[in-house]
Structure formats: structure tokens, C-alpha cells
Amino acid sequence: MLADCPDLDAVAICTPPQVHYEETRLALQYGKHVILEKPPCMTTAQLDQLTLQARQADRTLFQTWHARHATAVSTAQDWLTYRVVRGALVTWKEDVRQCHAGQDWIWQPGGFGVFDAGINAISILTKIMPEPIFVKAADLFFPANCDSPIAANVTFTTGAGTELNATFDFRYAGVPAWDIEVETDDGALSLKAHRNALAVDGKPVVVGAADEYASLYQSFADLIEHHRSDVDKRPLQLVADLFLIGRRFVVEPIVVPMPAESSMLRP
């Protein structure tokens with residue numbers, strides 16, 4: 001495609017993360033602008049190299065976190081900017097057999113497991129929190145026959161020492177729970193990412209429609225027009241840190257590959 005379509009301007013990389021680096025490197029070599037889906041790469045070093053390559057080639061690299069493009073996220077960020085965070089609770093649960101049916105690459109090395117979805121929550125946290133966050137502790141639960149976790153309990157901390165607790169689980173039945181609750185010195189914020197719903201002290205806040213991908217691709221076009229790139233590796237760094245310091249627990253095996261039981265889109 002790259003060789004036979006010289007008028008092609010840009011490429012979207014939407015494949016499993018294990019091949020993101022080679023695909024993006026090749027597209028940049030052919031002089032294409034690249035929009036790179038999450039998770040961006042298997043390692044932070046790969047993402048650093050792609051960032052450098054894009055800069056040297058004067059091409060746009062837009063490494064995306066689509067969950068950040070929901071309108072409720074930017075509204076939450078604005079509300080938290082001038083408030084002191086006292087704590088937070090992230091609940092990111094879904095049924096992997098429904099949301100990721102047949103995607104056995106998730107369970108392989110570099111497939112991220114539950115963090116293929118959980119990194120969405122982490123990307124939102126790093127966007128809305130008014131100060132940097134770090135990994136303090138993590139318990140990772142690996143199926144006996146898989147190389148990636150199916151669930152995790154994580155404690156993040158801010159630079160000021162405030163703890164942010166998170167639960168990620170692919171074993172959850174029912175409607176996905178993608179929720180972030182933040183306690184501050186001036187009220188409590190609740191973000192329901194599954195419905196693009198925001199509330200402060202239980203009272204709904206009006207936000208626009210959650211057209212994440214329209215916003216994402218418009219941002220890509222704007223970046224190309226202005227000869228800029230946008231790469232934020234903080235969520236990937238935090239996931240890497242989770243694997244560095246997390247305690248590993250082995251749980252019951254799962255059936256891999258899973259049958260395609262649903263037509264739900266990959267979150």
C-alpha cells in the first residue's frame with residue numbers, strides 16, 4: 001500500500017500493540033503522517049524512538065488516547081484545576097468475553113491484558129488530575145495460562161501524597177463500569193465514562209455529545225496543518241511501572257482464544 005499509493009498522506013495504526021512500532025516506523029519511513037491508537041507500543045523506548053523519527057522526518061505523529069476526547073473529560077479537567085484533590089476511586093470493569101471476544105493477542109506478551117482497556121482510565125487520570133501521579137502499589141492477577149493480567153488493584157499517589165485507588169477487572173458481567181470519582185476540598189466529582197456523564201456533588205453537569213473519534217481525527221488534521229506532533233507517554237509509563245513493582249498472583253485459567261460472542265466495539 002505504501003509503495004503503490006504515493007498520494008497517500010496519512011496512516012492510522014489500529015492493530016494490536018505488538019506490531020505498532022514496526023508499522024509506524026515503516027509508515028514514517030515512507031513519509032506518511034501517522035495517527036497511532038492506544039496502547040501506543042509495547043515499550044516506552046519504542047515510543048521515544050518513533051517520536052524522534054517523526055521529528056527527524058518532519059512528519060506528524062499523533063499518539064492518541066481516545067478516551068480523553070469525551071467532552072466530560074475536558075470539563076472535569078477544568079473543574080479540578082483550582083481544587084485540591086483529597087482522594088479518588090477508579091472502577092474500570094468489563095466482560096472481556098463481550099468487549100474483546102476472539103482477541104487472543106491481549107493475553108500474549110505485550111498485549112496488556114486488562115490494561116488494554118484500563119489504560120483508558122489512566123489516560124483520563126493523567127489528563128484531569130492537577131498534579132502528576134505515580135504508582136505506589138499494585139496487585140496483578142494473571143490467569144494460569146496467560147502472560148497478561150485479567151485484573152488488578154492499584155494504588156496511585158500524587159506528588160503531595162494523596163492516594164488514588166483503582167480496580168481493573170475483565171471478569172465483570174453486565175454493563176461495563178468505567179467510573180472515576182474524585183474527592184476534593186470543594187466537593188466531589190463523578191465521571192461516568194461509559195455514558196459521558198459528569199456530576200458534582202451528585203448534581204449532573206451538562207456536557208456535549210461524546211463524539212470521541214470525530215474530535216480525535218479533527219485534532220489529527222489540525223496537527224498536520226500546523227506541522228506538529230502530539231505524543232504523551234505518561235499513561236504507558238504508568239502501566240510499565242505497574243508491571244515493574246506489582247505483585248503477581250496466579251488465578252484460574254481462561255479459554256483462549258475466546259469465541260466471538262458479541263458484536264460490541266472494542267472500547
# chains A, B, ... in the order shown; residues from 1 in each chain; ligands from 1

$ residues_around --residues "Val135 in chain A" --least-positions-apart "4" --cutoff "10 Å" --atoms "only C-alpha atoms" --output "list in words"
Val154, Thr155, Phe156, Thr157, Thr158, Glu163, Leu164, Gln237, Leu238, Val239, Ala240, Asp241, Leu242, Leu244, Ile245 and Gly246 of chain A

$ write_last_selection --atoms "N, CA and C atoms" --output "PDB file, in the first residue's frame"
ATOM      1  N   VAL A 154      -4.843  -1.306  42.136  1.00  0.00           N
ATOM      2  CA  VAL A 154      -3.707  -0.387  42.049  1.00  0.00           C
ATOM      3  C   VAL A 154      -3.910   0.793  42.985  1.00  0.00           C
ATOM      4  N   THR A 155      -2.830   1.216  43.615  1.00  0.00           N
ATOM      5  CA  THR A 155      -2.825   2.464  44.369  1.00  0.00           C
ATOM      6  C   THR A 155      -1.846   3.421  43.701  1.00  0.00           C
ATOM      7  N   PHE A 156      -2.384   4.534  43.220  1.00  0.00           N
ATOM      8  CA  PHE A 156      -1.564   5.625  42.714  1.00  0.00           C
ATOM      9  C   PHE A 156      -1.395   6.649  43.832  1.00  0.00           C
ATOM     10  N   THR A 157      -0.430   7.524  43.664  1.00  0.00           N
ATOM     11  CA  THR A 157      -0.258   8.617  44.619  1.00  0.00           C
ATOM     12  C   THR A 157       0.147   9.877  43.878  1.00  0.00           C
ATOM     13  N   THR A 158      -0.275  11.016  44.391  1.00  0.00           N
ATOM     14  CA  THR A 158       0.151  12.288  43.828  1.00  0.00           C
ATOM     15  C   THR A 158       1.475  12.697  44.464  1.00  0.00           C
ATOM     16  N   GLU A 163      -3.579   9.473  47.967  1.00  0.00           N
ATOM     17  CA  GLU A 163      -3.746   8.177  47.336  1.00  0.00           C
ATOM     18  C   GLU A 163      -4.967   8.159  46.431  1.00  0.00           C
ATOM     19  N   LEU A 164      -4.803   7.519  45.266  1.00  0.00           N
ATOM     20  CA  LEU A 164      -5.866   7.320  44.296  1.00  0.00           C
ATOM     21  C   LEU A 164      -5.962   5.820  44.059  1.00  0.00           C
ATOM     22  N   GLN A 237       3.848   4.897  30.594  1.00  0.00           N
ATOM     23  CA  GLN A 237       4.857   4.814  31.655  1.00  0.00           C
ATOM     24  C   GLN A 237       4.262   4.253  32.934  1.00  0.00           C
ATOM     25  N   LEU A 238       3.059   4.685  33.266  1.00  0.00           N
ATOM     26  CA  LEU A 238       2.432   4.216  34.493  1.00  0.00           C
ATOM     27  C   LEU A 238       2.103   2.731  34.411  1.00  0.00           C
ATOM     28  N   VAL A 239       1.635   2.274  33.251  1.00  0.00           N
ATOM     29  CA  VAL A 239       1.380   0.845  33.098  1.00  0.00           C
ATOM     30  C   VAL A 239       2.688   0.062  33.197  1.00  0.00           C
ATOM     31  N   ALA A 240       3.756   0.586  32.587  1.00  0.00           N
ATOM     32  CA  ALA A 240       5.058  -0.078  32.697  1.00  0.00           C
ATOM     33  C   ALA A 240       5.496  -0.152  34.157  1.00  0.00           C
ATOM     34  N   ASP A 241       5.266   0.923  34.910  1.00  0.00           N
ATOM     35  CA  ASP A 241       5.622   0.927  36.331  1.00  0.00           C
ATOM     36  C   ASP A 241       4.798  -0.097  37.118  1.00  0.00           C
ATOM     37  N   LEU A 242       3.530  -0.273  36.726  1.00  0.00           N
ATOM     38  CA  LEU A 242       2.700  -1.279  37.380  1.00  0.00           C
ATOM     39  C   LEU A 242       3.308  -2.669  37.244  1.00  0.00           C
ATOM     40  N   LEU A 244       6.429  -3.274  36.755  1.00  0.00           N
ATOM     41  CA  LEU A 244       7.717  -3.292  37.449  1.00  0.00           C
ATOM     42  C   LEU A 244       7.569  -3.614  38.927  1.00  0.00           C
ATOM     43  N   ILE A 245       6.582  -2.993  39.581  1.00  0.00           N
ATOM     44  CA  ILE A 245       6.511  -3.112  41.035  1.00  0.00           C
ATOM     45  C   ILE A 245       5.329  -3.933  41.523  1.00  0.00           C
ATOM     46  N   GLY A 246       4.435  -4.339  40.609  1.00  0.00           N
ATOM     47  CA  GLY A 246       3.237  -5.054  41.031  1.00  0.00           C
ATOM     48  C   GLY A 246       3.525  -6.465  41.535  1.00  0.00           C
TER      49      GLY A 246
END

$ select_by_dssp --residues "range 35-151 of chain A" --states "strand (DSSP E or B)" --output "count of residues only"
27

$ closest_residue --among "A:Thr15, A:Gln56, A:Asn153, A:Thr162" --to "Phe141 in chain A" --atoms "only C-alpha atoms"
A:Asn153

$ closest_residue --among "A:Gly113, A:Thr51, A:Thr71, A:Ala27" --to "Tyr213 in chain A" --atoms "only C-alpha atoms"
A:Thr71

$ select_by_dssp --residues "range 26-251 of chain A" --states "helix (DSSP H, G or I)" --output "JSON, numbers by chain"
{"A": [26, 27, 28, 29, 44, 45, 46, 47, 48, 49, 50, 51, 52, 53, 54, 55, 56, 57, 66, 67, 68, 69, 71, 72, 73, 74, 75, 76, 77, 78, 79, 80, 96, 97, 98, 99, 104, 105, 106, 107, 115, 116, 117, 118, 119, 120, 121, 122, 123, 124, 125, 126, 127, 128, 212, 213, 214, 215, 216, 217, 218, 219, 220, 221, 222, 223, 224, 225, 234, 235, 236, 237, 238, 239, 240, 241, 242, 243, 244, 245]}

$ atom_distance --atom1 "CA of Val19 in chain A" --atom2 "CA of Ile35 in chain A"
14.3 Å

$ closest_residue --among "A:Ala152, A:Leu189, A:Cys14, A:Ile133" --to "Ala72 in chain A" --atoms "only C-alpha atoms"
A:Leu189

$ closest_residue --among "A:Pro143, A:Pro235, A:Pro253, A:Gly161" --to "Thr43 in chain A" --atoms "only C-alpha atoms"
A:Pro235

$ closest_residue --among "A:Ile224, A:Val205, A:Cys99, A:Ala54" --to "Pro176 in chain A" --atoms "only C-alpha atoms"
A:Cys99

$ closest_residue --among "A:His194, A:Val34, A:Asp104, A:Val250" --to "Leu223 in chain A" --atoms "only C-alpha atoms"
A:Val34

$ residues_around --residues "Leu89 in chain A" --least-positions-apart "6" --cutoff "9 Å" --atoms "only C-alpha atoms" --output "list in words"
Leu164, Asn165, Ala166, Thr167, Asp179, Ile180, Glu181, Val182 and Glu183 of chain A

$ atom_distance --atom1 "CA of Pro149 in chain A" --atom2 "CA of Val90 in chain A"
17.5 Å

$ atom_distance --atom1 "CA of Phe115 in chain A" --atom2 "CA of Asn196 in chain A"
20.3 Å

$ residues_around --residues "Trp178 in chain A" --least-positions-apart "4" --cutoff "10 Å" --atoms "only C-alpha atoms" --output "JSON list (two decimals) with N, CA and C atoms, in the first residue's frame"
[["chain", "number", "residue", "atom", "x", "y", "z"],
["A", 90, "VAL", "N", -11.13, 4.76, 41.09],
["A", 90, "VAL", "CA", -11.35, 4.39, 39.69],
["A", 90, "VAL", "C", -11.90, 2.97, 39.66],
["A", 91, "THR", "N", -13.02, 2.78, 38.98],
["A", 91, "THR", "CA", -13.61, 1.45, 38.80],
["A", 91, "THR", "C", -13.74, 1.21, 37.31],
["A", 92, "TRP", "N", -12.92, 0.31, 36.80],
["A", 92, "TRP", "CA", -12.88, 0.05, 35.34],
["A", 92, "TRP", "C", -13.06, -1.44, 35.13],
["A", 93, "LYS", "N", -14.32, -1.84, 34.93],
["A", 93, "LYS", "CA", -14.65, -3.26, 34.87],
["A", 93, "LYS", "C", -15.50, -3.54, 33.63],
["A", 94, "GLU", "N", -15.21, -4.66, 32.97],
["A", 94, "GLU", "CA", -16.00, -5.08, 31.82],
["A", 94, "GLU", "C", -15.84, -6.58, 31.63],
["A", 117, "ALA", "N", -7.79, -2.01, 28.19],
["A", 117, "ALA", "CA", -8.91, -1.13, 28.50],
["A", 117, "ALA", "C", -8.56, -0.18, 29.63],
["A", 118, "GLY", "N", -7.86, -0.69, 30.65],
["A", 118, "GLY", "CA", -7.55, 0.12, 31.82],
["A", 118, "GLY", "C", -6.69, 1.33, 31.53],
["A", 120, "ASN", "N", -7.16, 3.34, 29.31],
["A", 120, "ASN", "CA", -8.08, 4.44, 29.05],
["A", 120, "ASN", "C", -8.32, 5.25, 30.33],
["A", 121, "ALA", "N", -8.56, 4.54, 31.43],
["A", 121, "ALA", "CA", -8.79, 5.22, 32.71],
["A", 121, "ALA", "C", -7.55, 5.99, 33.12],
["A", 168, "PHE", "N", -9.26, -2.65, 38.27],
["A", 168, "PHE", "CA", -9.45, -3.02, 36.87],
["A", 168, "PHE", "C", -9.80, -4.51, 36.83],
["A", 191, "LEU", "N", -17.31, 10.98, 37.28],
["A", 191, "LEU", "CA", -17.24, 10.88, 35.82],
["A", 191, "LEU", "C", -17.61, 9.46, 35.41],
["A", 192, "LYS", "N", -18.68, 9.34, 34.66],
["A", 192, "LYS", "CA", -19.13, 8.04, 34.15],
["A", 192, "LYS", "C", -18.74, 7.98, 32.67],
["A", 193, "ALA", "N", -17.56, 7.43, 32.39],
["A", 193, "ALA", "CA", -17.05, 7.47, 31.03],
["A", 193, "ALA", "C", -17.90, 6.66, 30.07],
["A", 194, "HIS", "N", -18.58, 5.60, 30.56],
["A", 194, "HIS", "CA", -19.40, 4.77, 29.69],
["A", 194, "HIS", "C", -20.55, 5.56, 29.08],
["A", 195, "ARG", "N", -21.03, 6.59, 29.82],
["A", 195, "ARG", "CA", -22.16, 7.39, 29.34],
["A", 195, "ARG", "C", -21.76, 8.84, 29.09],
["A", 196, "ASN", "N", -20.48, 9.16, 29.19],
["A", 196, "ASN", "CA", -20.03, 10.54, 29.05],
["A", 196, "ASN", "C", -20.83, 11.45, 29.99]]

$ residues_around --residues "Gly202 in chain A" --least-positions-apart "4" --cutoff "10 Å" --atoms "only C-alpha atoms" --output "number ranges by chain"
A: 187-190, 198

$ write_last_selection --atoms "C-alpha atoms" --output "JSON list (two decimals), in the first residue's frame"
[["chain", "number", "residue", "atom", "x", "y", "z"],
["A", 187, "GLY", "CA", -16.91, 18.87, 46.58],
["A", 188, "ALA", "CA", -16.95, 15.51, 44.84],
["A", 189, "LEU", "CA", -16.74, 14.91, 41.11],
["A", 190, "SER", "CA", -18.12, 11.81, 39.40],
["A", 198, "LEU", "CA", -20.43, 14.14, 34.75]]

$ residues_around --residues "Ala57 in chain A" --least-positions-apart "3" --cutoff "9 Å" --atoms "only C-alpha atoms" --output "list in words"
Leu28, Gln29, Gly31, Leu52, Gln53, Ala54 and Thr60 of chain A
